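The structure appears right after this line, and notes come after that.
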Amino acid sequence: MIKRKILAITILAAGLGLGSLAHQTKAENIFGGSYAPEGIRFPATIELLAETPYYADPNQPDDEPEGTFAPQEVNVLTVDSSWSIGAATWKIETMFGPRWIRPNPWEIDMEPPKRITLLEETPLYRSQSTKGGPAASLSAQEVEVVAAEKQWFYTNDPTSKAWIKVHTTWIGDLWAHIPVNQIGTVHKVQRKAHYYGLPSNSDLGTAMGIGEQKQDWSNSKAGDYTIAREFTTIYDRAFEVQTDQGTTWTREKGVPILSTNETMDIVREKPLIHDVWDGLKKEDAVIAGETVTVFEKIEERLYTGRGPYPIWYNSTWYHVRSSKGTGWINKHVGEPEAAIPVHWKVLVKDPRELQRYPETPFSSSTLLLRDQTVEVTEVWNSPNSGPVWLKAHVDGRSGWIPYWGQDTIWDEDTQTVSHISKINTNSLGIAPAANNGLQLYNGQRIGYTDNSQTYLDVIQLAEHFQFKVEKVQSTAAVTLSKDDYSFELKAGAKNAMIYWHGTKDKSVQLAEMPRHSRDSWYLHLKDAQALFGLMQVFAGKEYSLFEKNYNVTLGELPTQAEKGHLELQAFAYDWTSREDYKSGQMPLQMFIENGDQGGDAHVSKTEGIVSKPDASDSSVALFSLKASRPLAAGTHQLNVVIRIGERIIWKQSVEIAAK
């Protein structure tokens with residue numbers, strides 16, 4: 001192939017959408033993800049046969065390239081393992097630094113390997129034709145490659161054959177017609193892996209399914225073994241493993257055990273496990289408060305454990321030397337370092353088993369909790385959207401239990417006035433329409449834009465979110481109500497009246513007066529969000545409005561405030577992704593207001609109860625709402641109010657004697 005200097009052609013992003021996909025083959029993609037060059041399974045160099053869009057980011061949309069590359073040879077940094085059976089993303093080296101391309105298999109070419117290993121007796125021909133029969137044949141062996149047909153690797157059927165020209169010392173260069181999925185190379189490697197079982201004395205051809213002979217698994221034994229050589233094709237790999245009974249070939253790669261030399265601080269209790277290959281059954285020892293030496297590690301997933309959120313699933317196991325001996329530890333098996341201290345009592349309602357460690361099926365307790373109040377001293381969010389875990393103490397025993405939303409929490413340091421759990425979420429998708437209009441996804445008009453401001457149809461919002469609409473007699477006004485909450489709009493007024501149980505709560509200032517004509521009412525988007533209690537989430541030019549509905553259970557209301565200061569707390573259970581939490585998509589707030597129709601409110605602080613340090617992959621399910629205010633000595637009539645925007649979720653009157 002001719003090497004060309006990389007030529008970049010800058011183009012407009014809209015001009016290069018790539019809609020075609022490669023025809024799928026029957027080959028199995030045995031490894032997911034992206035890989036650095038290795039053998040011919042992951043080639044180090046490819047030739048681009050057509051102008052190819054390139055991207056500055058691997059997640060950039062297909063129709064937004066940074067530019068295009070002319071046909072040329074490029075060096076590969078990483079490639080998707082699926083490249084041989086369909087479109088894939090290649091990370092390549094360029095004059096601009098790393099860039100990403102997504103060519104189809106038929107839009108690239110690559111040199112054949114310099115040597116290949118024949119897996120069986122192979123006929124040789126003088127030309128790229130089987131007519132006239134073979135001129136010779138070669139037994140299974142490694143041979144030198146001198147040429148190959150163009151795009152020798154590209155096929156819709158991996159068993160179809162490609163022409164490869166090989167060198168012989170006794171008859172010259174001849175052509176071999178070899179199935180594409182058998183064109184492969186053998187190279188030396190030196191690495192350790194665990195195998196749950198291996199066939200006995202299997203040769204490479206048998207491992208790759210050549211011939212009638214089957215692999216013998218009758219004496220299969222699990223163990224840690226050395227991989228000495230690797231055979232790679234563009235579809236697959238096979239491994240020569242050294243065992244106590246000799247060498248054997250297998251297509252199973254085992255679980256890699258990586259050599260390392262590092263230290264690790266063990267701050268909190270971790271069990272030291274002798275064998276991690278057969279489940280977490282018994283520890284050799286428990287270590288804490290020491291620095292251990294790590295000499296091996298397993299980064300691949302180990303399918304051990306139970307439950308929908310096994311935290312060890314994606315976490316590393318470390319083979320360590322410690323003061324208690326040698327064994328395996330996992331940072332996520334044991335007492336979690338990221339747990340936060342609390343001082344709670346929790347009423348556990350449904351049955352829960354007290355576990356030794358959170359999210360780990362290790363030495364489970366026989367103590368079953370049900371309708372019991374326990375002391376809780378720590379709380380921890382498991383990663384990968386797992387549950388919240390509580391460190392519980394009961395009947396002289398300690399352990400971890402998952403928190404469920406129906407459990408009742410009392411903070412022993414701050415008065416807990418209510419417990420909140422989400423019932424459901426309703427949403428409304430809105431998209432731009434012609435003539436500055438706004439429409440629902442079914443095409444129905446819902447509002448419009450005017451001077452870059454958004455106005456929404458109040459009556460349609462009420463219908464979708466199940467608010468009752470009533471005209472106020474003898475006035476140009478309308479009342480919208482849901483459950484015990486309602487608000488009133490009046491034509492020409494830049495305020496709205498808020499009601500609870502039919503009694504006036506307060507008057508709120510609007511961003512704009514409602515736009516009213518005959519039976520239609522339109523509100524500015526900000527006012528609609530505040531009065532209906534809605535959140536806005538964008539997706540490009542479109543967005544959705546979300547309404548969350550909650551159930552609130554009364555806790556313990558205080559009767560007095562010490563030292564002229566009142567502090568209250570409520571707990572809310574509402575699963576929220578970490579991304580939504582960080583963007584403010586937890587809208588509940590608690591207020592302490594004067595009892596004479598609101599006013600002088602002291603805003604709450606709403607915080608997710610999350611592990612430390614901030615675990616970006618964990619969700620947030622448990623929230624603390626706190627409100628506080630100073631009080632002069634005497635008796636005060638106050639309201640404790642929980643709101644989303646201006647929508648009242650819960651309100652309770654309380655008389656407080658301040659000292």
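In the structure tokens, chains take letters A, B, ... by order of appearance, with residues numbered from 1 within each chain and ligands from 1 in the order shown.
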| request: Using DSSP on the backbone coordinates, identify the residues of range 387-583 of chain A assigned to alpha helix (DSSP H); present them as a PyMOL selection string. | output: chain A and resi 458-464+525-532+578-582
| request: Excluding Leu368 in chain A and any residue of its chain fewer than 6 positions from it, enumerate the residues within 12 Å of it, using only C-alpha atoms, and give them as a list in words. | output: Val348, Lys349, Asp350, Pro351, Arg352, Glu353, Leu354, Gln355, Val394, Asp395, Arg397, Gly399, Trp400 and Ile401 of chain A
For N, CA and C atoms, I'd like the residues from the last selection saved as a compact mmCIF listing (two decimals), in the first residue's frame.
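The new file out.txt reads:
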# COMPACT_ATOMS: atom_id res chain seq x y z
N VAL A 348 -38.14 -0.37 61.08
CA VAL A 348 -38.06 -1.30 59.95
C VAL A 348 -39.40 -2.02 59.86
N LYS A 349 -40.12 -1.81 58.78
CA LYS A 349 -41.47 -2.34 58.68
C LYS A 349 -41.51 -3.72 58.03
N ASP A 350 -41.06 -3.84 56.79
CA ASP A 350 -41.06 -5.15 56.13
C ASP A 350 -39.82 -5.94 56.52
N PRO A 351 -39.87 -7.28 56.38
CA PRO A 351 -38.75 -8.12 56.83
C PRO A 351 -37.44 -7.75 56.15
N ARG A 352 -36.36 -7.70 56.95
CA ARG A 352 -35.04 -7.39 56.46
C ARG A 352 -34.03 -8.24 57.21
N GLU A 353 -33.09 -8.82 56.50
CA GLU A 353 -32.04 -9.61 57.13
C GLU A 353 -30.85 -8.72 57.47
N LEU A 354 -30.38 -8.82 58.69
CA LEU A 354 -29.22 -8.05 59.12
C LEU A 354 -27.97 -8.68 58.50
N GLN A 355 -27.30 -7.93 57.63
CA GLN A 355 -26.14 -8.47 56.90
C GLN A 355 -24.85 -7.92 57.48
N VAL A 394 -29.10 -3.61 66.98
CA VAL A 394 -30.31 -4.10 67.63
C VAL A 394 -29.99 -5.37 68.41
N ASP A 395 -30.52 -5.47 69.59
CA ASP A 395 -30.35 -6.68 70.42
C ASP A 395 -28.89 -7.07 70.59
N ARG A 397 -26.47 -6.68 68.54
CA ARG A 397 -25.80 -7.07 67.29
C ARG A 397 -25.80 -5.90 66.32
N GLY A 399 -25.08 -4.71 62.05
CA GLY A 399 -25.01 -5.14 60.66
C GLY A 399 -25.65 -4.11 59.76
N TRP A 400 -25.79 -4.47 58.51
CA TRP A 400 -26.30 -3.53 57.51
C TRP A 400 -27.63 -4.03 56.95
N ILE A 401 -28.55 -3.10 56.72
CA ILE A 401 -29.82 -3.42 56.09
C ILE A 401 -30.08 -2.41 54.98
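Comparing the minimum interatomic distances between Glu607 in chain A and each of A:Gly595, A:Arg102, A:Asn436, A:Met590, counting only C-alpha atoms, we find that A:Met590 sits nearest.
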| field | Exercise: Ala50 in chain A partners within 9 Å, only C-alpha atoms, chain neighbours under 4 positions left out, as a ChimeraX atom specification | value | /A:69-72,103,107-108
Using only all heavy atoms, please write the residues we just selected to a file, as a JSON list (two decimals), in the first residue's frame.
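Listed below is the output, part.json:
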[["chain", "number", "residue", "atom", "x", "y", "z"],
["A", 69, "PHE", "N", -10.83, 12.90, 6.14],
["A", 69, "PHE", "CA", -9.52, 12.48, 5.69],
["A", 69, "PHE", "C", -9.63, 11.92, 4.28],
["A", 69, "PHE", "O", -10.57, 11.18, 3.98],
["A", 69, "PHE", "CB", -8.93, 11.41, 6.62],
["A", 69, "PHE", "CG", -8.53, 11.92, 7.97],
["A", 69, "PHE", "CD1", -8.90, 11.23, 9.12],
["A", 69, "PHE", "CD2", -7.78, 13.08, 8.10],
["A", 69, "PHE", "CE1", -8.53, 11.69, 10.37],
["A", 69, "PHE", "CE2", -7.40, 13.54, 9.34],
["A", 69, "PHE", "CZ", -7.78, 12.86, 10.48],
["A", 70, "ALA", "N", -8.67, 12.27, 3.45],
["A", 70, "ALA", "CA", -8.58, 11.67, 2.12],
["A", 70, "ALA", "C", -8.13, 10.22, 2.27],
["A", 70, "ALA", "O", -7.62, 9.81, 3.32],
["A", 70, "ALA", "CB", -7.59, 12.46, 1.27],
["A", 71, "PRO", "N", -8.29, 9.39, 1.22],
["A", 71, "PRO", "CA", -7.79, 8.02, 1.27],
["A", 71, "PRO", "C", -6.31, 8.00, 1.62],
["A", 71, "PRO", "O", -5.51, 8.73, 1.03],
["A", 71, "PRO", "CB", -8.05, 7.50, -0.14],
["A", 71, "PRO", "CG", -9.23, 8.30, -0.61],
["A", 71, "PRO", "CD", -9.04, 9.66, -0.03],
["A", 72, "GLN", "N", -5.93, 7.19, 2.58],
["A", 72, "GLN", "CA", -4.56, 7.16, 3.07],
["A", 72, "GLN", "C", -4.41, 6.03, 4.08],
["A", 72, "GLN", "O", -5.39, 5.41, 4.49],
["A", 72, "GLN", "CB", -4.20, 8.48, 3.75],
["A", 72, "GLN", "CG", -5.11, 8.76, 4.95],
["A", 72, "GLN", "CD", -4.95, 10.18, 5.46],
["A", 72, "GLN", "OE1", -4.02, 10.44, 6.21],
["A", 72, "GLN", "NE2", -5.84, 11.07, 5.03],
["A", 103, "PRO", "N", -15.47, 4.14, 9.73],
["A", 103, "PRO", "CA", -15.66, 3.56, 8.40],
["A", 103, "PRO", "C", -16.34, 2.20, 8.46],
["A", 103, "PRO", "O", -16.26, 1.49, 9.47],
["A", 103, "PRO", "CB", -14.23, 3.42, 7.88],
["A", 103, "PRO", "CG", -13.42, 3.20, 9.12],
["A", 103, "PRO", "CD", -14.07, 4.06, 10.18],
["A", 107, "GLU", "N", -14.90, -0.10, 3.45],
["A", 107, "GLU", "CA", -14.26, 1.18, 3.15],
["A", 107, "GLU", "C", -12.82, 1.24, 3.66],
["A", 107, "GLU", "O", -12.20, 2.29, 3.63],
["A", 107, "GLU", "CB", -15.07, 2.32, 3.78],
["A", 107, "GLU", "CG", -16.47, 2.45, 3.19],
["A", 107, "GLU", "CD", -17.34, 3.46, 3.93],
["A", 107, "GLU", "OE1", -17.20, 3.58, 5.17],
["A", 107, "GLU", "OE2", -18.14, 4.12, 3.26],
["A", 108, "ILE", "N", -12.29, 0.08, 4.09],
["A", 108, "ILE", "CA", -10.90, 0.03, 4.55],
["A", 108, "ILE", "C", -10.21, -1.18, 3.95],
["A", 108, "ILE", "O", -10.85, -2.09, 3.43],
["A", 108, "ILE", "CB", -10.81, -0.05, 6.10],
["A", 108, "ILE", "CG1", -11.43, -1.37, 6.59],
["A", 108, "ILE", "CG2", -11.46, 1.16, 6.75],
["A", 108, "ILE", "CD1", -11.21, -1.62, 8.08]]
| task | Figure out the distance between CA of Thr576 in chain A and CA of Phe546 in chain A, please, to one decimal in Å. | result | 13.1 Å
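Each of A:Gln213, A:Pro199, A:Glu38, A:Tyr357 was compared to Ile234 in chain A using only C-alpha atoms, and A:Glu38 turns out to be the nearest.
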| What lies within 12 Å of Glu47 in chain A using only C-alpha atoms, ignoring chain neighbours under 4 positions off, as a ChimeraX atom specification? | /A:1-4,6,43,51-52,69-76,92,103,105-111,150-151
